[in-house]
Structure formats: structure tokens, C-alpha cells
>>> print(open('target-v2.pdb').read())   # PDB, C-alpha atoms
MODEL        1
ATOM      1  CA  TRP A   1     123.654  44.072  80.861
ATOM      2  CA  ASP A   2     121.419  46.775  79.372
ATOM      3  CA  THR A   3     118.893  44.305  77.939
ATOM      4  CA  ALA A   4     118.469  42.703  81.368
ATOM      5  CA  PHE A   5     118.134  46.156  82.952
ATOM      6  CA  TYR A   6     115.371  47.238  80.593
ATOM      7  CA  HIS A   7     113.631  43.881  80.896
ATOM      8  CA  ALA A   8     113.490  44.320  84.682
ATOM      9  CA  LEU A   9     112.284  47.906  84.224
ATOM     10  CA  LEU A  10     109.530  46.750  81.858
ATOM     11  CA  LEU A  11     108.370  44.094  84.326
ATOM     12  CA  LYS A  12     108.262  46.587  87.153
ATOM     13  CA  ARG A  13     106.572  49.463  85.320
ATOM     14  CA  GLU A  14     104.154  47.658  83.040
ATOM     15  CA  TYR A  15     103.416  44.402  84.857
ATOM     16  CA  GLY A  16     103.874  45.205  88.541
ATOM     17  CA  VAL A  17     106.565  42.563  89.022
ATOM     18  CA  ASP A  18     109.569  43.659  91.092
ATOM     19  CA  HIS A  19     111.775  40.600  91.420
ATOM     20  CA  GLU A  20     113.975  42.261  94.024
ATOM     21  CA  ALA A  21     110.950  43.045  96.211
ATOM     22  CA  ILE A  22     109.418  39.560  96.043
ATOM     23  CA  ARG A  23     112.712  37.954  97.067
ATOM     24  CA  LYS A  24     111.521  38.449 100.652
ATOM     25  CA  TYR A  25     108.971  35.720  99.998
ATOM     26  CA  PHE A  26     111.512  33.109  98.874
ATOM     27  CA  PRO A  27     113.926  32.220 101.694
ATOM     28  CA  CYS A  28     116.369  29.642 100.393
ATOM     29  CA  PRO A  29     115.723  26.881 102.983
ATOM     30  CA  LEU A  30     111.974  27.018 102.369
ATOM     31  CA  VAL A  31     112.432  26.806  98.598
ATOM     32  CA  VAL A  32     114.803  23.850  98.904
ATOM     33  CA  GLU A  33     112.669  21.874 101.337
ATOM     34  CA  GLY A  34     109.466  22.779  99.479
ATOM     35  CA  THR A  35     110.932  21.633  96.175
ATOM     36  CA  LEU A  36     112.006  18.298  97.668
ATOM     37  CA  SER A  37     108.521  17.854  99.127
ATOM     38  CA  ILE A  38     106.809  18.604  95.805
ATOM     39  CA  TYR A  39     108.996  16.174  93.874
ATOM     40  CA  GLN A  40     108.327  13.414  96.396
ATOM     41  CA  GLU A  41     104.591  13.979  96.051
ATOM     42  CA  LEU A  42     104.712  14.307  92.279
ATOM     43  CA  LEU A  43     106.817  11.201  91.593
ATOM     44  CA  GLY A  44     105.786   8.935  94.457
ATOM     45  CA  LEU A  45     109.196   8.950  96.128
ATOM     46  CA  LYS A  46     110.590   9.138  99.656
ATOM     47  CA  PHE A  47     113.778  11.085 100.385
ATOM     48  CA  ILE A  48     115.694  10.261 103.569
ATOM     49  CA  GLU A  49     118.624  12.476 104.511
ATOM     50  CA  ILE A  50     121.860  10.778 105.539
ATOM     51  CA  HIS A  51     123.776  12.806 108.104
ATOM     52  CA  GLU A  52     126.979  10.797 108.505
ATOM     53  CA  PHE A  53     128.980  10.303 105.310
ATOM     54  CA  ASP A  54     132.310  11.189 103.739
ATOM     55  CA  SER A  55     131.992  14.646 102.226
ATOM     56  CA  TRP A  56     134.100  17.195 100.369
ATOM     57  CA  HIS A  57     132.510  20.117 102.308
ATOM     58  CA  LYS A  58     130.479  20.576 105.467
ATOM     59  CA  ASP A  59     127.551  22.171 103.598
ATOM     60  CA  VAL A  60     127.009  19.172 101.305
ATOM     61  CA  ARG A  61     123.854  17.123 101.963
ATOM     62  CA  LEU A  62     123.186  13.504 100.966
ATOM     63  CA  PHE A  63     119.830  11.759 100.465
ATOM     64  CA  VAL A  64     118.760   8.220  99.646
ATOM     65  CA  VAL A  65     115.647   7.845  97.476
ATOM     66  CA  HIS A  66     113.070   5.040  97.638
ATOM     67  CA  ASP A  67     109.967   4.314  95.567
ATOM     68  CA  THR A  68     107.027   4.649  97.969
ATOM     69  CA  ALA A  69     104.944   2.010  96.163
ATOM     70  CA  THR A  70     107.576  -0.747  96.011
ATOM     71  CA  GLY A  71     110.041   0.314  98.680
ATOM     72  CA  GLU A  72     112.884  -0.205  96.201
ATOM     73  CA  ARG A  73     115.901   2.057  96.334
ATOM     74  CA  GLN A  74     116.110   4.415  93.358
ATOM     75  CA  GLY A  75     119.496   5.887  94.189
ATOM     76  CA  HIS A  76     121.206   8.721  96.057
ATOM     77  CA  PHE A  77     121.749  12.415  95.421
ATOM     78  CA  TYR A  78     124.036  15.082  96.839
ATOM     79  CA  LEU A  79     123.133  18.760  97.169
ATOM     80  CA  ASP A  80     126.029  21.232  97.105
ATOM     81  CA  LEU A  81     124.157  24.511  96.941
ATOM     82  CA  HIS A  82     126.310  27.471  98.019
ATOM     83  CA  PRO A  83     129.305  29.224  96.401
ATOM     84  CA  ARG A  84     132.878  29.005  97.664
ATOM     85  CA  ASP A  85     136.343  29.601  96.311
ATOM     86  CA  GLY A  86     137.350  27.169  93.592
ATOM     87  CA  LYS A  87     133.884  25.694  93.116
ATOM     88  CA  TYR A  88     132.172  25.319  89.732
ATOM     89  CA  ASN A  89     130.368  28.640  89.356
ATOM     90  CA  HIS A  90     127.189  27.670  87.504
ATOM     91  CA  ALA A  91     124.259  25.346  88.185
ATOM     92  CA  ALA A  92     124.612  21.790  86.903
ATOM     93  CA  ILE A  93     124.047  18.116  87.600
ATOM     94  CA  PHE A  94     126.811  15.515  87.632
ATOM     95  CA  HIS A  95     125.988  11.821  87.305
ATOM     96  CA  LEU A  96     128.542  10.116  89.546
ATOM     97  CA  LEU A  97     127.242   6.570  89.137
ATOM     98  CA  LYS A  98     124.719   5.217  86.672
ATOM     99  CA  ARG A  99     122.221   2.411  86.947
ATOM    100  CA  ARG A 100     123.762  -0.815  85.644
ATOM    101  CA  ARG A 101     123.558  -4.535  86.188
ATOM    102  CA  MET A 102     126.496  -5.934  88.151
ATOM    103  CA  ALA A 103     128.291  -9.226  87.476
ATOM    104  CA  ASP A 104     126.300 -10.968  90.212
ATOM    105  CA  GLY A 105     122.970  -9.904  88.660
ATOM    106  CA  THR A 106     122.171  -7.138  91.154
ATOM    107  CA  TRP A 107     121.652  -3.544  90.090
ATOM    108  CA  GLN A 108     123.918  -0.624  90.933
ATOM    109  CA  THR A 109     121.633   2.328  91.630
ATOM    110  CA  PRO A 110     122.578   5.795  90.365
ATOM    111  CA  VAL A 111     124.226   8.567  92.382
ATOM    112  CA  ASP A 112     123.812  12.157  91.210
ATOM    113  CA  CYS A 113     125.123  15.474  92.493
ATOM    114  CA  MET A 114     123.604  18.930  92.096
ATOM    115  CA  LEU A 115     126.006  21.876  92.174
ATOM    116  CA  THR A 116     124.483  25.345  92.401
ATOM    117  CA  ASN A 117     125.567  28.721  93.703
ATOM    118  CA  LEU A 118     122.523  29.819  95.643
ATOM    119  CA  PRO A 119     123.380  32.544  98.168
ATOM    120  CA  PRO A 120     124.341  31.215 101.621
ATOM    121  CA  PRO A 121     122.865  32.391 104.942
ATOM    122  CA  SER A 122     124.193  35.707 106.245
ATOM    123  CA  ALA A 123     126.833  35.873 108.969
ATOM    124  CA  ASP A 124     124.124  36.399 111.591
ATOM    125  CA  GLY A 125     122.244  33.294 110.450
ATOM    126  CA  LYS A 126     119.472  34.927 108.437
ATOM    127  CA  PRO A 127     118.462  32.796 105.429
ATOM    128  CA  ALA A 128     119.363  33.983 101.951
ATOM    129  CA  LEU A 129     116.520  35.273  99.811
ATOM    130  CA  LEU A 130     116.081  34.010  96.255
ATOM    131  CA  ARG A 131     114.802  35.690  93.143
ATOM    132  CA  HIS A 132     111.988  33.827  91.428
ATOM    133  CA  ASP A 133     114.332  32.899  88.570
ATOM    134  CA  ASP A 134     116.600  31.241  91.176
ATOM    135  CA  VAL A 135     113.569  29.242  92.315
ATOM    136  CA  VAL A 136     112.970  28.162  88.705
ATOM    137  CA  THR A 137     116.650  27.241  88.267
ATOM    138  CA  PHE A 138     116.673  25.075  91.387
ATOM    139  CA  PHE A 139     113.446  23.355  90.348
ATOM    140  CA  HIS A 140     114.882  22.783  86.856
ATOM    141  CA  GLU A 141     118.198  21.345  88.036
ATOM    142  CA  PHE A 142     116.505  19.075  90.549
ATOM    143  CA  GLY A 143     114.438  17.750  87.660
ATOM    144  CA  HIS A 144     117.707  16.499  86.148
ATOM    145  CA  ILE A 145     118.426  14.680  89.418
ATOM    146  CA  MET A 146     115.060  12.953  89.248
ATOM    147  CA  HIS A 147     115.538  12.128  85.568
ATOM    148  CA  GLY A 148     118.831  10.442  86.426
ATOM    149  CA  LEU A 149     117.441   8.468  89.368
ATOM    150  CA  CYS A 150     114.055   7.496  87.942
ATOM    151  CA  GLY A 151     115.059   6.588  84.398
ATOM    152  CA  GLU A 152     114.594   2.873  83.804
ATOM    153  CA  GLY A 153     117.135   0.509  82.333
ATOM    154  CA  PRO A 154     120.933   0.567  82.241
ATOM    155  CA  ALA A 155     123.065   3.517  81.221
ATOM    156  CA  ASN A 156     124.007   3.852  77.572
ATOM    157  CA  ALA A 157     126.967   5.409  75.828
ATOM    158  CA  THR A 158     125.763   8.963  76.504
ATOM    159  CA  THR A 159     128.030  10.229  79.249
ATOM    160  CA  LEU A 160     125.679  12.578  81.099
ATOM    161  CA  ALA A 161     122.233  11.139  80.466
ATOM    162  CA  LYS A 162     120.397   8.022  79.376
ATOM    163  CA  CYS A 163     118.795   9.801  76.421
ATOM    164  CA  PRO A 164     119.699  11.760  73.288
ATOM    165  CA  ARG A 165     121.478  15.045  73.954
ATOM    166  CA  ASP A 166     118.733  17.064  72.274
ATOM    167  CA  PHE A 167     116.112  15.592  74.628
ATOM    168  CA  VAL A 168     117.976  15.789  77.921
ATOM    169  CA  GLU A 169     116.673  19.265  78.805
ATOM    170  CA  ALA A 170     113.022  18.493  78.018
ATOM    171  CA  PRO A 171     111.963  16.935  81.361
ATOM    172  CA  SER A 172     113.486  19.754  83.419
ATOM    173  CA  GLN A 173     112.121  22.428  81.105
ATOM    174  CA  MET A 174     108.678  20.873  81.436
ATOM    175  CA  LEU A 175     108.991  20.833  85.224
ATOM    176  CA  GLU A 176     109.691  24.581  85.264
ATOM    177  CA  ASN A 177     105.942  25.001  84.668
ATOM    178  CA  TRP A 178     105.315  23.989  88.281
ATOM    179  CA  CYS A 179     107.060  27.220  89.362
ATOM    180  CA  PHE A 180     104.279  29.141  87.622
ATOM    181  CA  ASN A 181     101.479  27.220  89.309
ATOM    182  CA  ARG A 182      99.480  29.136  91.932
ATOM    183  CA  GLY A 183      99.471  26.317  94.445
ATOM    184  CA  VAL A 184     103.188  25.686  94.083
ATOM    185  CA  LEU A 185     104.024  29.385  94.411
ATOM    186  CA  LYS A 186     102.071  29.442  97.666
ATOM    187  CA  ARG A 187     103.950  26.388  98.954
ATOM    188  CA  LEU A 188     107.365  27.763  98.044
ATOM    189  CA  SER A 189     106.844  31.255  99.449
ATOM    190  CA  ARG A 190     106.817  32.663 102.969
ATOM    191  CA  HIS A 191     107.692  36.246 103.794
ATOM    192  CA  ILE A 192     110.866  36.445 105.853
ATOM    193  CA  GLU A 193     109.192  38.716 108.441
ATOM    194  CA  THR A 194     105.417  38.203 108.272
ATOM    195  CA  CYS A 195     105.494  34.485 107.328
ATOM    196  CA  GLU A 196     102.737  35.143 104.778
ATOM    197  CA  SER A 197     102.837  33.416 101.398
ATOM    198  CA  LEU A 198     103.112  35.424  98.192
ATOM    199  CA  PRO A 199      99.987  37.641  97.962
ATOM    200  CA  GLU A 200      97.405  36.670  95.378
ATOM    201  CA  GLU A 201      97.862  39.892  93.406
ATOM    202  CA  GLN A 202     101.605  39.253  93.169
ATOM    203  CA  VAL A 203     100.998  35.692  92.034
ATOM    204  CA  THR A 204      98.617  36.957  89.347
ATOM    205  CA  ALA A 205     101.145  39.567  88.190
ATOM    206  CA  LEU A 206     103.971  37.027  88.085
ATOM    207  CA  LEU A 207     101.925  34.613  85.998
ATOM    208  CA  ALA A 208     100.784  37.371  83.630
ATOM    209  CA  ALA A 209     104.419  38.394  83.025
ATOM    210  CA  LYS A 210     105.702  34.860  82.424
ATOM    211  CA  ASN A 211     106.316  35.364  78.686
ATOM    212  CA  VAL A 212     107.402  39.000  78.667
ATOM    213  CA  SER A 213     110.443  39.444  76.372
ATOM    214  CA  GLU A 214     110.246  35.779  75.442
ATOM    215  CA  GLY A 215     110.743  36.676  71.784
ATOM    216  CA  LEU A 216     114.149  38.224  72.445
ATOM    217  CA  MET A 217     115.138  35.339  74.699
ATOM    218  CA  MET A 218     114.119  32.875  71.982
ATOM    219  CA  LEU A 219     116.229  34.750  69.432
ATOM    220  CA  ARG A 220     119.211  34.614  71.797
ATOM    221  CA  GLN A 221     118.920  30.831  72.084
ATOM    222  CA  LEU A 222     118.553  30.578  68.317
ATOM    223  CA  TYR A 223     121.723  32.644  67.893
ATOM    224  CA  LEU A 224     123.697  30.480  70.325
ATOM    225  CA  GLY A 225     122.514  27.262  68.723
ATOM    226  CA  LEU A 226     123.385  28.437  65.214
ATOM    227  CA  LEU A 227     126.730  29.820  66.377
ATOM    228  CA  ASP A 228     127.550  26.437  67.899
ATOM    229  CA  LEU A 229     126.660  24.661  64.631
ATOM    230  CA  ALA A 230     128.676  27.183  62.601
ATOM    231  CA  ILE A 231     131.921  26.556  64.463
ATOM    232  CA  HIS A 232     131.383  22.774  64.284
ATOM    233  CA  GLY A 233     130.342  22.790  60.631
ATOM    234  CA  GLU A 234     132.190  21.915  57.447
ATOM    235  CA  ASP A 235     133.934  25.285  57.089
ATOM    236  CA  PRO A 236     134.565  26.781  60.561
ATOM    237  CA  PRO A 237     136.674  29.920  61.064
ATOM    238  CA  ALA A 238     140.388  29.150  60.956
ATOM    239  CA  ASP A 239     141.594  31.598  63.600
ATOM    240  CA  ALA A 240     140.581  33.986  66.371
ATOM    241  CA  ALA A 241     139.932  36.810  63.935
ATOM    242  CA  GLY A 242     137.561  34.595  61.987
ATOM    243  CA  LEU A 243     135.685  33.619  65.144
ATOM    244  CA  GLN A 244     135.347  37.289  66.077
ATOM    245  CA  ALA A 245     134.029  38.160  62.637
ATOM    246  CA  LEU A 246     131.502  35.310  62.868
ATOM    247  CA  VAL A 247     130.162  36.545  66.211
ATOM    248  CA  ASP A 248     130.084  40.167  65.010
ATOM    249  CA  GLU A 249     127.979  39.129  62.021
ATOM    250  CA  MET A 250     125.666  36.534  63.552
ATOM    251  CA  ARG A 251     124.698  38.189  66.841
ATOM    252  CA  PRO A 252     122.974  41.318  65.480
ATOM    253  CA  ARG A 253     121.495  39.441  62.516
ATOM    254  CA  ILE A 254     119.851  36.746  64.627
ATOM    255  CA  SER A 255     119.446  38.084  68.179
ATOM    256  CA  LEU A 256     118.778  41.700  67.094
ATOM    257  CA  ILE A 257     121.307  42.848  69.726
ATOM    258  CA  ASN A 258     124.491  44.528  68.517
ATOM    259  CA  ASN A 259     127.744  42.900  69.565
ATOM    260  CA  PRO A 260     129.992  45.288  71.568
ATOM    261  CA  PRO A 261     133.422  45.831  69.969
ATOM    262  CA  GLY A 262     135.792  42.996  70.803
ATOM    263  CA  CYS A 263     133.131  41.015  72.686
ATOM    264  CA  ASN A 264     133.156  37.293  71.928
ATOM    265  CA  MET A 265     131.071  35.019  74.125
ATOM    266  CA  LEU A 266     132.816  31.964  72.659
ATOM    267  CA  ARG A 267     135.590  32.701  75.150
ATOM    268  CA  ASN A 268     133.336  31.523  77.989
ATOM    269  CA  PHE A 269     130.708  29.399  76.231
ATOM    270  CA  GLY A 270     131.165  26.614  78.778
ATOM    271  CA  HIS A 271     128.463  24.342  77.343
ATOM    272  CA  LEU A 272     130.622  23.660  74.304
ATOM    273  CA  MET A 273     133.279  22.172  76.599
ATOM    274  CA  ASN A 274     130.686  20.094  78.453
ATOM    275  CA  GLN A 275     129.191  17.760  75.838
ATOM    276  CA  TYR A 276     126.917  20.303  74.175
ATOM    277  CA  SER A 277     129.270  20.908  71.229
ATOM    278  CA  ALA A 278     127.179  20.836  68.029
ATOM    279  CA  ALA A 279     124.197  20.130  70.301
ATOM    280  CA  TYR A 280     123.359  23.421  72.006
ATOM    281  CA  TYR A 281     120.345  23.655  69.691
ATOM    282  CA  GLY A 282     118.866  20.986  71.964
ATOM    283  CA  TYR A 283     117.875  23.620  74.524
ATOM    284  CA  LEU A 284     115.508  25.239  72.032
ATOM    285  CA  TRP A 285     114.320  21.970  70.522
ATOM    286  CA  ALA A 286     113.627  20.610  74.012
ATOM    287  CA  GLU A 287     111.418  23.653  74.674
ATOM    288  CA  VAL A 288     109.124  22.388  71.919
ATOM    289  CA  LEU A 289     109.088  18.870  73.338
ATOM    290  CA  SER A 290     108.583  20.069  76.906
ATOM    291  CA  ALA A 291     105.644  22.283  75.919
ATOM    292  CA  ASP A 292     103.943  19.313  74.233
ATOM    293  CA  MET A 293     104.652  17.069  77.229
ATOM    294  CA  PHE A 294     103.190  19.531  79.711
ATOM    295  CA  ALA A 295     100.141  20.481  77.618
ATOM    296  CA  SER A 296      99.218  16.880  76.823
ATOM    297  CA  ARG A 297      99.718  15.334  80.275
ATOM    298  CA  PHE A 298      99.951  17.835  83.120
ATOM    299  CA  GLU A 299      98.408  21.210  82.270
ATOM    300  CA  LYS A 300      94.920  20.345  83.532
ATOM    301  CA  ASP A 301      96.196  18.917  86.821
ATOM    302  CA  PRO A 302      99.957  19.147  87.494
ATOM    303  CA  PHE A 303      99.627  16.811  90.491
ATOM    304  CA  SER A 304      97.561  14.112  88.812
ATOM    305  CA  ALA A 305      98.783  10.711  89.987
ATOM    306  CA  GLU A 306      97.481   9.159  86.761
ATOM    307  CA  ALA A 307      99.475  11.574  84.599
TER     308      ALA A 307
ENDMDL
END
>>> encode(input="target-v2.pdb", output="C-alpha cells")
Amino acid sequence: WDTAFYHALLLKREYGVDHEAIRKYFPCPLVVEGTLSIYQELLGLKFIEIHEFDSWHKDVRLFVVHDTATGERQGHFYLDLHPRDGKYNHAAIFHLLKRRRMADGTWQTPVDCMLTNLPPPSADGKPALLRHDDVVTFFHEFGHIMHGLCGEGPANATTLAKCPRDFVEAPSQMLENWCFNRGVLKRLSRHIETCESLPEEQVTALLAAKNVSEGLMMLRQLYLGLLDLAIHGEDPPADAAGLQALVDEMRPRISLINNPPGCNMLRNFGHLMNQYSAAYYGYLWAEVLSADMFASRFEKDPFSAEA
């Protein structure tokens, strides 16, 4: 927790970015609806909400997606955005149905579901306010939805995506760049009281601080990727004591952060139980791919229809 504390302190003191203060500019409903609007514009799609359907909870929303140019149905997606008892407690996408050709020659279109734990409205109906990193997370996860619905061709043997595991994060990581675009920040922000968008000086400060502490964050991802490969390698630790010794040695050597006594993040490294075993390195590798994708196609004009 102390690294996050000092990172926030550095942003506030040296860069003029107070993420708690600017939450007032990111009410959850505006961010959600704004994100859906941007993706429709960016990808040439039309989302239509379906209000009557079988659902596992009253807060779940369902949309059907059509290609605006051809009118063809691309698929459906569910949004299950707020926390509740017993619900998966991270942000993730689940591909419920994949695109495939049926026996009669027609195509089954995909159905995806986004689960997040964005804060719900207050008891008196006031909308929840999001941190900017929550805005980025929602934009990222919705990119996975679009990847699942817009990918061409039938599903392959990969369970969660129609692409190699070490590429699957690249499209969503690339799309995070839109959350650091001045025009997008204006569209996704509106002060809860004054209804003004994020002030220009705050936008400038936020963009200037985009890569603060990125070195440490990169080292953390490198540590997690190498730790994952170590326990899935030819000579993994044989018992709990060996796993603890591995973490105690690797974390300070690679991430430059000492490991607290008895702390072992392998106990809750959920990705390794969710098809990222021996593949967590893909997050860091996809950062390289996503940077190339954005710089070569979208950096000059993120809303270019040609790109």
C-alpha cells in the first residue's frame, strides 16, 4: 500500500493531479454512456439496448450490436457493472457464445459479458464518482467486448479469445490511449454540481503525469511475468516453503520493492487460474504491440475513419 500512497502523493505535489478531487468530474453513468458512444463512433457500430430479457440481476443491461454500414448483426453484450455479495470481484470479460457457422450454414453471432465492480449510486440516488483509473479500466474492458464481437471468422481452440494469449490484451491496451485524449476527456467528464467538463489545466496536468512511476510499474509486471514462468518451468518449487522463498528472492531483485515477511501474492494470483498460466508475460508484451499499433495508425487522429 505504501508505494501507491507515495505515488499519489507525488502526483499531487509535483504534478498537480489529485485523483480524489477530479472524481467529481467523472460520474459513472456519464462515463458509461460516453464510452459506448465513442466506441460506436470509432468502430461504425450501433448499440440498441434491450429492456426485456431473462437476467441474473436487475442491474444487468443487455445490448444488441449492428454494423452501421451493412446493417448486419455483430452480436450482443451484457453489462454487469456494480458489486454485490458473491459476485466476481475484479473486472473481466466473459465470452458466453462465440461466432461460428451453424449446421444450416447460418452464423451464430457472439455474446459477451462485462463484469466490473464500479461503485453503485448512493442510497439517495446520487451517481457514483469514478477515479480516472476506473475510467481507463472501463474503457479497456469494453475494448475486449468489441474485440470479441468484431473479430472476423469462427472461434478457434483458444477458450477466451480468437487470438494468441500473448496478443489478447493488445487491442484493449491500445484503446486506453483514448482516455488520455483531450477531446475524449472532455466528452467523458462533467462536474457533478457545475456540469462543467474537466478544466483545461487539469487535462494538461493529467496528460503530463501519464507516465509518472511507469518504470516501477513496468518492473512489477516484469516480476509477475517471470514469477509465472518460474513456477511453470522445468524445475518449479516443490512445496509452499519453496514458493515463499522464490517470491522473497524474486520480488526485491526485479521489482525493487522488498517483500513483507510471509507475504506471497501467489495465494491470490487469480490470472494463473484463468488461462494466463505461463502466459502472464503477455500483458507486458502486448504493451509493446499496442504502442506500435497506436503510433502507426491512430496517434495523429484517433477518430480517423480510414485508420
>>> residues_around(input="target-v2.pdb", residues="range 93-99 of chain A", least_positions_apart="6", cutoff="9 Å", atoms="only C-alpha atoms", output="PyMOL selection string")
chain A and resi 75+107-116+141-142+144-145+148-149+151-155+159-162
>>> closest_atom_pairs(input="target-v2.pdb", of="range 12-107 of chain A", to="range 195-204 of chain A", cutoff="8 Å", atoms="all atoms listed in the file", output="CSV")
residue,atom,partner,partner_atom,distance
A:Gly16,CA,A:Gln202,CA,7.9
A:Val17,CA,A:Gln202,CA,7.3
A:Ile22,CA,A:Leu198,CA,7.8
A:Tyr25,CA,A:Leu198,CA,6.1
>>> resolve_selection(input="target-v2.pdb", expression="the PyMOL selection byres ((chain A and resi 225) around 9)", output="ChimeraX atom specification")
/A:220-224,226-230,278-284
>>> closest_residue(input="target-v2.pdb", among="A:His271, A:Arg23, A:Arg190, A:Arg253", to="Arg131 in chain A", atoms="only C-alpha atoms")
A:Arg23
>>> atom_distance(input="target-v2.pdb", atom1="CA of Pro171 in chain A", atom2="CA of Asp133 in chain A")
17.7 Å
>>> closest_atom_pairs(input="target-v2.pdb", of="range 104-212 of chain A", to="range 39-55 of chain A", cutoff="10 Å", atoms="all atoms listed in the file", output="JSON lines")
{"residue": "A:Phe139", "atom": "CA", "partner": "A:Tyr39", "partner_atom": "CA", "distance": 9.2}
{"residue": "A:Phe142", "atom": "CA", "partner": "A:Tyr39", "partner_atom": "CA", "distance": 8.7}
{"residue": "A:Gly143", "atom": "CA", "partner": "A:Tyr39", "partner_atom": "CA", "distance": 8.4}
{"residue": "A:Met146", "atom": "CA", "partner": "A:Tyr39", "partner_atom": "CA", "distance": 8.3}
{"residue": "A:Cys150", "atom": "CA", "partner": "A:Leu43", "partner_atom": "CA", "distance": 8.9}
{"residue": "A:Leu175", "atom": "CA", "partner": "A:Tyr39", "partner_atom": "CA", "distance": 9.8}
>>> atom_distance(input="target-v2.pdb", atom1="CA of Glu33 in chain A", atom2="CA of His90 in chain A")
20.9 Å
>>> resolve_selection(input="target-v2.pdb", expression="the PyMOL selection byres ((chain A and resi 128) around 10)", output="PyMOL selection string")
chain A and resi 23-24+26-29+118-122+125-127+129-130+192
>>> atom_distance(input="target-v2.pdb", atom1="CA of His191 in chain A", atom2="CA of Lys210 in chain A")
21.5 Å
>>> closest_residue(input="target-v2.pdb", among="A:Leu207, A:Ile254, A:Ala240, A:Val184", to="Ser37 in chain A", atoms="all atoms listed in the file")
A:Val184
>>> resolve_selection(input="target-v2.pdb", expression="the PyMOL selection byres ((chain A and resi 256) around 12)", output="PyMOL selection string")
chain A and resi 3+215-223+248-255+257-259
>>> closest_residue(input="target-v2.pdb", among="A:Leu36, A:Leu272, A:Cys179, A:Leu243", to="Thr137 in chain A", atoms="all atoms listed in the file")
A:Cys179
>>> closest_residue(input="target-v2.pdb", among="A:Leu206, A:Lys186, A:Leu289, A:His147", to="Phe77 in chain A", atoms="only C-alpha atoms")
A:His147
>>> closest_residue(input="target-v2.pdb", among="A:Asn264, A:Arg101, A:Ser172, A:Arg182", to="Asp301 in chain A", atoms="all atoms listed in the file")
A:Arg182
>>> residues_around(input="target-v2.pdb", residues="Phe294 in chain A", least_positions_apart="5", cutoff="8 Å", atoms="all atoms listed in the file", output="list in words")
Met174, Asn177 and Glu299 of chain A
>>> closest_residue(input="target-v2.pdb", among="A:Ala91, A:Ala170, A:Ala8, A:Ile231", to="Ser277 in chain A", atoms="all atoms listed in the file")
A:Ile231
>>> residues_around(input="target-v2.pdb", residues="Arg187 in chain A", least_positions_apart="5", cutoff="9 Å", atoms="all atoms listed in the file", output="PyMOL selection string")
chain A and resi 30-31+34-35+38+182+197
